[in-house]
Amino acid sequence: MPALTDEQHAIITSGYEHCLITAVAGSGKTTTLAWRIRHLLEQGHDPERMLILMFNRAARADFNRKLLDITHQTGLALPEIRTYHAMGFRLYKRCIREGYLPPYQGDILRDGEIHYQVWQLSRALVPEELQGELRRGKKEFTETAANFIDWVKSTLSPPEVVFEELGYDDKYRYLIDLFHSFEQWRKGSHRISYADMLYEPVLAIHQNPPLQKLVGNKMDLVMVDEYQDTNEIQHLLLRYIAGDRARVTVVGDPDQTIYEFRGAKPEFILQRFANEFDDPTELTLSYTFRYGHRLALLADHLISHNLGRKDVLCHAHAGTPETRVYHESPNDEADFIVQLVQRAQAAANDTGPATEQPDSGLPASTLGDVAVLVRVWSQSVPIELRLLARQIPYHIDANKGALFTREVEALTALLALAAGDLDGMLQEQRRELFRAILRFPHVGLREGELNDMAQYLAGFSGGWGQLLRNADTSHLKPLPARKISKLGGALGELEHSTLSAAKVIAQYAQATELYEGIRSLAMTHESADERIGTVKGFQRYLASLDVDAPRALAHLRQLKDQANRLGEHDGIHLSTIHRAKGLEWPVVVIPGLQEKYLPYSARQSERDTDLRTHIESERRLLYVGMTRASRALYLLTPASDDPEQAPSRFLGELCLPLCEELGAALSGPDRPETLRLETPVTAIAKRYARREDVGLEGPSIAPAAEASPGIPPSCRPIWAHGRLRHAVFGTGLVKAEDERSFEVAFEDGRRLNFSKKSAHLYFSPA
Ligand SMILES: Nc1ncnc2c1ncn2[C@@H]1O[C@H](COP(=O)(O)OP(=O)(O)OP(=O)(O)O)[C@@H](O)[C@H]1O
């Protein structure tokens, strides 16, 4: 058992009062909480009056293990550890027994049952002008409506308020009625969903003071982990269970609040807990045992740009092995990752002692030691295909994988047509492929008509473009008629094509206005961007192979075989940053450090405060992603001239050269009392060094526009260059900036404001 730190000791032995613990990533909070419980039990506290609330089952199992470990051979009886939902469910049953809630029937509603019901209600409630879209976008409409229902239940706000908060277009206002109708159906059939396990009892308690007396004041102590991702309903549950009696300890890291899509808000841990639980004792776990100085410094610099946070610096504990940080600008991220993994494989196969590879610093690893964390799934498509092609095993979290997406399946059907593969296929197979093509982009036919059309086309062994162009569309509305004719034109051009596979897709996308089609059907910007990103990622991968359609198909078949064999081996992890919460790997790769992905720009509000909230939330995501690494972190910004791929604004905030220089110096064996650095020193760096008892000297802090000298110029956002040339106004200096815009003082005396989003179109470094 490692020696506990002073901070850990202070928490373990702190008084019996409300307590708010801010714990940075990897700071051993599970260990500390488990020791605190042991300490309290040894002092004679009753385990039956202690409750530990965990976020999910995995965290619960982890905590249980640690507590058993720490109390081993003490003979102490242990308290209950429950997830929020399990606790809610228990209260639900109590509410039934007391007659405040009616009994429910059957199992908890499955997603499929909810979606079916939501679909039936949508058909009845969607306004006439949306009915066409509804039929074509069934999956999206049902998912959005189901999410809306859950959102209302997790925030406890009226559906009207949630509707406004989510910023949906007015045409989706029917969701409000849908919520009420769904609840009416659910209650009428006496069923409950997973969300209701919390929603129903908390609402019942909220509305019935006698019930508040029954469920509250039973516990002496309640502890809550991961409190930063608490939402309203969970917070209320905590309040009612605690009542006036229980002393409550919450632990979390406000900088790691990333479950906003489930209603989590940093304000619970930053303000509301302290307001509602009587000025709790505030303690911190600021030392990380996961990563070294370089990464700790980097994370501190990044997150210090968020306003209104709790000002805790994360600090690498002495003895934590150093973590190397690399920022790379490869031409092709997928290729870079494959090479990196191959080096890891080579190192792992080397039977000698673990070594650092001299060229990259990559610690010798097994494949399972490497995680690639993406902001959105579409980024993983070319990476996954490349891994498959090189037969590198991988695990993809909660996602069937690129080859099984609707987009790739439809594009594969198109390639089969271009390769001439369709000609000799069985009629049923052809029908399925045409069903996929007719939906991509959707030609606007009703489901039955679309099936008939696919059946009709499948009856022929060629000439489908012509068939579509000649189809009698006189009975159809003008839009589907036009789309069918356009599709006919596109397919006619591509049957038996000698073009490369990537060009087949490019030509098809252009001729059918594929991206516009996807956008017009998507309910959210995010989902449209994801689908288009998948198409582009697939196309990019095929372009890198430079093969025609028949060879591309043969290759894709091989990849599919390969994908089906996955799981037999240890593999690298492909995951989104959201799903990496609470986890860690020796080597973490974060691709896409570009304005397109980090901050993710699919949904951008016009309001300044919303934009700031959005950017801060994206910054927290990067912070969480980075702090998953223990030995090496790779940040990738692909080299590109494409304005969409401009380097992320967060790169400058990281102060990479300073963190590298200072991190290396602090990790070295002979640390002088005062370090003289070449890179300009920031206030964060000074605070960090002071805590290490090291004085810092260096060039003074650079002006705002030059906050990150040493970042390769190609990787800085244009406004960070300081001196710029505008296509019309000439040369000027950047004088100020906020999330959205920056101000330039031109040589002719004019001072003008420019949007960051479009700056790359008019400015170049001067
Ligand atoms: N005082 C200490 N000295 C050295 N190592 C420690 C100390 N306390 C905890 N650790 C180590 O830090 C790691 C993380 O600890 P633990 O599993 O308790 O934290 P966690 O709650 O899972 O992590 P996090 O803080 O990220 O949520 C473990 O390997 C643990 O052994």
# chains A, B, ... in the order shown; residues from 1 in each chain; ligands from 1

$ residues_around --residues "stretch 33-43 of chain A" --least-positions-apart "4" --cutoff "6 Å" --atoms "only C-alpha atoms" --output "CSV table (one decimal) with N, CA and C atoms, in the first residue's frame"
chain,number,residue,atom,x,y,z
A,12,ILE,N,-9.3,11.6,4.7
A,12,ILE,CA,-9.7,10.4,5.4
A,12,ILE,C,-10.1,10.7,6.9
A,29,LYS,N,-8.9,8.9,-5.9
A,29,LYS,CA,-10.0,9.2,-5.0
A,29,LYS,C,-10.7,7.9,-4.5
A,67,LEU,N,-12.9,-1.3,-1.7
A,67,LEU,CA,-13.3,-1.2,-0.3
A,67,LEU,C,-13.0,-2.6,0.4

$ residues_near_ligand --ligand "ligand 1" --cutoff "7 Å" --atoms "only C-alpha atoms and all ligand atoms" --output "VMD selection string"
chain A and resid 2 to 5 23 to 32 289 to 290 582

$ select_by_dssp --residues "stretch 402-645 of chain A" --states "strand (DSSP E or B)" --output "short mmCIF file (atom, residue, chain, number, x, y, z; two decimals) with N, CA and C atoms, in the first residue's frame"
data_model
loop_
_atom_site.label_atom_id
_atom_site.label_comp_id
_atom_site.auth_asym_id
_atom_site.auth_seq_id
_atom_site.Cartn_x
_atom_site.Cartn_y
_atom_site.Cartn_z
N ARG A 439 -32.27 5.00 -51.01
CA ARG A 439 -32.36 5.78 -49.77
C ARG A 439 -31.14 6.67 -49.57
N HIS A 442 -32.18 9.78 -50.08
CA HIS A 442 -33.54 9.26 -50.20
C HIS A 442 -34.24 9.94 -51.38
N SER A 500 -11.68 5.39 -60.57
CA SER A 500 -11.24 4.84 -59.29
C SER A 500 -12.44 4.82 -58.35
N ASP A 548 -9.63 0.65 -58.52
CA ASP A 548 -10.94 0.79 -59.17
C ASP A 548 -12.00 0.06 -58.33
N ILE A 572 -6.09 -2.62 -29.98
CA ILE A 572 -6.10 -1.24 -29.51
C ILE A 572 -7.56 -0.78 -29.32
N HIS A 573 -7.75 0.25 -28.54
CA HIS A 573 -9.11 0.71 -28.26
C HIS A 573 -9.43 1.90 -29.15
N LEU A 574 -10.57 1.83 -29.80
CA LEU A 574 -11.07 2.98 -30.54
C LEU A 574 -12.33 3.43 -29.81
N SER A 575 -12.32 4.67 -29.36
CA SER A 575 -13.46 5.10 -28.55
C SER A 575 -13.67 6.60 -28.73
N THR A 576 -14.83 7.08 -28.34
CA THR A 576 -14.99 8.53 -28.27
C THR A 576 -14.44 9.00 -26.92
N TRP A 585 -5.08 4.65 -20.19
CA TRP A 585 -4.24 3.78 -20.99
C TRP A 585 -2.81 4.33 -20.98
N PRO A 586 -1.82 3.47 -21.14
CA PRO A 586 -0.45 3.98 -21.22
C PRO A 586 -0.26 4.93 -22.40
N VAL A 587 -0.82 4.58 -23.54
CA VAL A 587 -0.63 5.44 -24.72
C VAL A 587 -2.00 5.91 -25.22
N VAL A 588 -2.15 7.22 -25.31
CA VAL A 588 -3.41 7.78 -25.81
C VAL A 588 -3.12 8.63 -27.04
N VAL A 589 -3.92 8.42 -28.08
CA VAL A 589 -3.78 9.21 -29.30
C VAL A 589 -5.08 9.99 -29.47
N ILE A 590 -4.97 11.31 -29.65
CA ILE A 590 -6.17 12.11 -29.92
C ILE A 590 -6.02 12.72 -31.31
N GLN A 594 -8.33 19.92 -34.62
CA GLN A 594 -8.65 20.91 -35.66
C GLN A 594 -9.93 21.62 -35.25
N TYR A 597 -13.17 19.57 -35.27
CA TYR A 597 -13.54 18.56 -34.27
C TYR A 597 -13.40 19.02 -32.82
N TYR A 600 -15.79 20.94 -31.45
CA TYR A 600 -16.67 20.39 -32.47
C TYR A 600 -17.67 21.47 -32.83
N ALA A 629 -4.06 9.49 -20.43
CA ALA A 629 -2.76 8.89 -20.78
C ALA A 629 -1.87 8.77 -19.55
N SER A 630 -1.11 7.68 -19.47
CA SER A 630 -0.15 7.61 -18.37
C SER A 630 1.30 7.71 -18.85
N ARG A 631 1.63 7.15 -20.02
CA ARG A 631 3.03 7.19 -20.43
C ARG A 631 3.28 8.07 -21.66
N ALA A 632 2.36 8.07 -22.61
CA ALA A 632 2.58 8.88 -23.81
C ALA A 632 1.26 9.39 -24.34
N LEU A 633 1.28 10.65 -24.75
CA LEU A 633 0.09 11.26 -25.36
C LEU A 633 0.49 11.78 -26.74
N TYR A 634 -0.28 11.42 -27.73
CA TYR A 634 -0.06 11.92 -29.09
C TYR A 634 -1.25 12.79 -29.48
N LEU A 635 -0.95 14.03 -29.83
CA LEU A 635 -1.99 14.93 -30.31
C LEU A 635 -1.76 15.11 -31.81
N LEU A 636 -2.78 14.88 -32.61
CA LEU A 636 -2.57 14.92 -34.06
C LEU A 636 -3.36 16.06 -34.70
#

$ atom_distance --atom1 "atom CA of A:Lys503" --atom2 "atom CA of A:Ala416"
14.1 Å

$ residues_around --residues "stretch 186-191 of chain A" --least-positions-apart "5" --cutoff "8 Å" --atoms "only C-alpha atoms" --output "ChimeraX atom specification"
/A:102-109

$ write_last_selection --atoms "N, CA and C atoms" --output "compact mmCIF listing (two decimals), in the first residue's frame"
# COMPACT_ATOMS: atom_id res chain seq x y z
N PRO A 102 -48.50 4.00 -8.44
CA PRO A 102 -49.20 2.75 -8.75
C PRO A 102 -48.19 1.65 -9.09
N PRO A 103 -48.53 0.39 -8.86
CA PRO A 103 -47.60 -0.67 -9.24
C PRO A 103 -47.37 -0.67 -10.75
N TYR A 104 -46.24 -1.13 -11.17
CA TYR A 104 -45.99 -1.25 -12.62
C TYR A 104 -46.06 -2.72 -12.99
N GLN A 105 -46.17 -2.95 -14.30
CA GLN A 105 -46.27 -4.34 -14.76
C GLN A 105 -45.11 -4.66 -15.68
N GLY A 106 -44.76 -5.92 -15.74
CA GLY A 106 -43.78 -6.38 -16.74
C GLY A 106 -42.38 -5.89 -16.42
N ASP A 107 -41.49 -6.12 -17.43
CA ASP A 107 -40.10 -5.70 -17.26
C ASP A 107 -39.97 -4.21 -17.51
N ILE A 108 -38.78 -3.71 -17.20
CA ILE A 108 -38.49 -2.31 -17.55
C ILE A 108 -38.56 -2.20 -19.08
N LEU A 109 -39.15 -1.10 -19.56
CA LEU A 109 -39.32 -0.93 -21.01
C LEU A 109 -37.97 -1.00 -21.73

$ residues_around --residues "stretch 167-179 of chain A" --least-positions-apart "5" --cutoff "8 Å" --atoms "only C-alpha atoms" --output "list in words"
Val118, Leu121, Ser122, Leu125, Val126, Pro127, Leu130, Ala145, Phe148, Ile149, Pro159 and Glu160 of chain A

$ write_last_selection --atoms "C-alpha atoms" --output "mmCIF file, in the first residue's frame"
data_model
loop_
_atom_site.group_PDB
_atom_site.id
_atom_site.type_symbol
_atom_site.label_atom_id
_atom_site.label_comp_id
_atom_site.auth_asym_id
_atom_site.auth_seq_id
_atom_site.Cartn_x
_atom_site.Cartn_y
_atom_site.Cartn_z
ATOM 1 C CA VAL A 118 -42.604 6.933 -29.987
ATOM 2 C CA LEU A 121 -47.104 8.743 -31.582
ATOM 3 C CA SER A 122 -44.900 10.697 -33.970
ATOM 4 C CA LEU A 125 -48.517 14.165 -33.909
ATOM 5 C CA VAL A 126 -46.027 15.340 -36.512
ATOM 6 C CA PRO A 127 -47.495 18.234 -38.515
ATOM 7 C CA LEU A 130 -43.085 17.088 -41.709
ATOM 8 C CA ALA A 145 -38.044 12.033 -29.478
ATOM 9 C CA PHE A 148 -36.254 14.432 -25.562
ATOM 10 C CA ILE A 149 -38.368 12.372 -23.170
ATOM 11 C CA PRO A 159 -41.104 19.887 -21.693
ATOM 12 C CA GLU A 160 -41.750 23.456 -22.929
#

$ select_by_dssp --residues "stretch 329-545 of chain A" --states "helix (DSSP H, G or I)" --output "ChimeraX atom specification"
/A:333-349,367-369,377-389,402-404,406-419,427-438,447-458,464-470,478-494,501-512,514-521,525-545

$ write_last_selection --atoms "C-alpha atoms" --output "compact mmCIF listing (two decimals), in the first residue's frame"
# COMPACT_ATOMS: atom_id res chain seq x y z
CA GLU A 333 -3.71 10.45 -39.38
CA ALA A 334 -4.84 6.87 -40.01
CA ASP A 335 -1.46 6.04 -41.49
CA PHE A 336 0.33 7.67 -38.59
CA ILE A 337 -1.70 5.66 -36.07
CA VAL A 338 -1.01 2.41 -37.91
CA GLN A 339 2.71 3.10 -37.87
CA LEU A 340 2.63 4.02 -34.23
CA VAL A 341 0.80 0.83 -33.38
CA GLN A 342 3.18 -1.24 -35.46
CA ARG A 343 6.06 0.23 -33.50
CA ALA A 344 4.26 -0.67 -30.29
CA GLN A 345 3.74 -4.21 -31.60
CA ALA A 346 7.39 -4.51 -32.51
CA ALA A 347 8.37 -3.29 -29.06
CA ALA A 348 5.96 -5.71 -27.40
CA ASN A 349 7.38 -8.61 -29.41
CA LEU A 367 -1.87 -3.36 -28.31
CA GLY A 368 -4.31 -3.10 -25.44
CA ASP A 369 -2.16 -0.32 -24.00
CA TRP A 377 -17.41 8.49 -34.47
CA SER A 378 -17.04 9.51 -38.11
CA GLN A 379 -13.39 10.35 -37.38
CA SER A 380 -12.75 6.70 -36.67
CA VAL A 381 -13.86 5.45 -40.11
CA PRO A 382 -10.57 5.81 -42.04
CA ILE A 383 -8.60 4.77 -38.95
CA GLU A 384 -10.61 1.62 -38.52
CA LEU A 385 -10.41 0.68 -42.18
CA ARG A 386 -6.65 1.17 -42.16
CA LEU A 387 -6.29 -0.99 -39.05
CA LEU A 388 -8.36 -3.71 -40.68
CA ALA A 389 -6.29 -3.53 -43.84
CA ALA A 402 -17.38 1.54 -40.02
CA LEU A 403 -18.19 -1.29 -42.43
CA PHE A 404 -21.60 -1.77 -40.90
CA ARG A 406 -25.74 2.70 -43.37
CA GLU A 407 -23.47 5.00 -45.33
CA VAL A 408 -20.77 2.44 -46.05
CA GLU A 409 -23.35 -0.21 -46.88
CA ALA A 410 -25.03 2.07 -49.44
CA LEU A 411 -21.68 3.12 -50.92
CA THR A 412 -20.63 -0.52 -51.19
CA ALA A 413 -23.85 -1.19 -53.13
CA LEU A 414 -22.93 1.66 -55.43
CA LEU A 415 -19.43 0.25 -55.95
CA ALA A 416 -20.96 -3.13 -56.78
CA LEU A 417 -23.00 -1.42 -59.48
CA ALA A 418 -19.94 0.41 -60.80
CA ALA A 419 -17.89 -2.80 -60.76
CA GLN A 427 -32.60 -10.88 -57.81
CA GLU A 428 -33.18 -10.67 -54.04
CA GLN A 429 -29.64 -9.51 -53.44
CA ARG A 430 -30.01 -6.87 -56.11
CA ARG A 431 -33.25 -5.68 -54.57
CA GLU A 432 -31.57 -5.13 -51.22
CA LEU A 433 -28.77 -3.13 -52.82
CA PHE A 434 -31.23 -0.96 -54.71
CA ARG A 435 -33.19 -0.38 -51.54
CA ALA A 436 -29.99 0.98 -50.02
CA ILE A 437 -29.18 3.13 -53.06
CA LEU A 438 -32.70 4.56 -53.33
CA GLU A 447 -41.71 2.98 -48.09
CA GLY A 448 -44.02 0.75 -50.18
CA GLU A 449 -43.28 2.67 -53.38
CA LEU A 450 -39.57 2.53 -52.67
CA ASN A 451 -39.72 -1.26 -52.23
CA ASP A 452 -41.66 -1.59 -55.48
CA MET A 453 -39.10 0.51 -57.27
CA ALA A 454 -36.22 -1.60 -55.87
CA GLN A 455 -38.04 -4.77 -56.92
CA TYR A 456 -38.60 -3.39 -60.38
CA LEU A 457 -34.94 -2.45 -60.85
CA ALA A 458 -33.80 -5.81 -59.48
CA TRP A 464 -30.70 0.71 -64.40
CA GLY A 465 -29.81 4.34 -64.99
CA GLN A 466 -31.88 4.32 -68.14
CA LEU A 467 -34.72 2.49 -66.40
CA LEU A 468 -34.87 5.16 -63.72
CA ARG A 469 -34.73 7.99 -66.21
CA ASN A 470 -37.55 6.42 -68.22
CA PRO A 478 -42.21 17.05 -58.54
CA LEU A 479 -39.45 16.57 -55.94
CA PRO A 480 -39.29 12.75 -55.91
CA ALA A 481 -39.73 12.72 -59.68
CA ARG A 482 -36.72 15.01 -60.04
CA LYS A 483 -34.65 13.00 -57.60
CA ILE A 484 -35.38 9.73 -59.38
CA SER A 485 -34.36 11.21 -62.68
CA LYS A 486 -31.18 12.63 -61.13
CA LEU A 487 -30.34 9.26 -59.60
CA GLY A 488 -30.96 7.65 -63.00
CA GLY A 489 -28.46 10.04 -64.55
CA ALA A 490 -25.86 9.32 -61.87
CA LEU A 491 -26.23 5.54 -62.06
CA GLY A 492 -26.20 5.61 -65.86
CA GLU A 493 -22.78 7.29 -65.76
CA LEU A 494 -21.39 4.86 -63.22
CA ALA A 501 -13.51 3.82 -56.42
CA ALA A 502 -13.00 7.17 -54.69
CA LYS A 503 -13.99 9.03 -57.87
CA VAL A 504 -17.09 6.89 -58.27
CA ILE A 505 -18.22 8.12 -54.86
CA ALA A 506 -17.23 11.73 -55.52
CA GLN A 507 -19.08 11.75 -58.83
CA TYR A 508 -22.15 10.10 -57.34
CA ALA A 509 -22.22 12.51 -54.39
CA GLN A 510 -22.08 15.46 -56.72
CA ALA A 511 -24.60 14.20 -59.28
CA THR A 512 -27.18 13.18 -56.67
CA LEU A 514 -25.91 13.54 -51.67
CA TYR A 515 -24.77 15.88 -48.91
CA GLU A 516 -27.70 18.23 -49.35
CA GLY A 517 -29.98 15.19 -49.28
CA ILE A 518 -28.46 14.02 -46.00
CA ARG A 519 -28.71 17.49 -44.47
CA SER A 520 -32.31 18.00 -45.46
CA LEU A 521 -33.36 14.77 -43.73
CA HIS A 525 -26.66 19.24 -37.39
CA GLU A 526 -24.62 16.68 -35.49
CA SER A 527 -26.21 13.68 -37.10
CA ALA A 528 -25.94 15.20 -40.59
CA ASP A 529 -22.28 15.98 -39.99
CA GLU A 530 -21.66 12.48 -38.72
CA ARG A 531 -23.20 10.86 -41.78
CA ILE A 532 -21.38 13.15 -44.20
CA GLY A 533 -18.16 12.64 -42.23
CA THR A 534 -18.57 8.88 -42.60
CA VAL A 535 -18.97 9.19 -46.38
CA LYS A 536 -15.93 11.46 -46.62
CA GLY A 537 -13.83 9.25 -44.35
CA PHE A 538 -14.69 6.19 -46.44
CA GLN A 539 -13.94 8.07 -49.63
CA ARG A 540 -10.62 9.30 -48.23
CA TYR A 541 -9.64 5.77 -47.35
CA LEU A 542 -10.47 4.51 -50.85
CA ALA A 543 -8.55 7.42 -52.36
CA SER A 544 -5.47 6.37 -50.41
CA LEU A 545 -5.75 2.87 -51.94

$ residues_around --residues "A:Gly132" --least-positions-apart "5" --cutoff "9 Å" --atoms "only C-alpha atoms" --output "count of residues only"
4
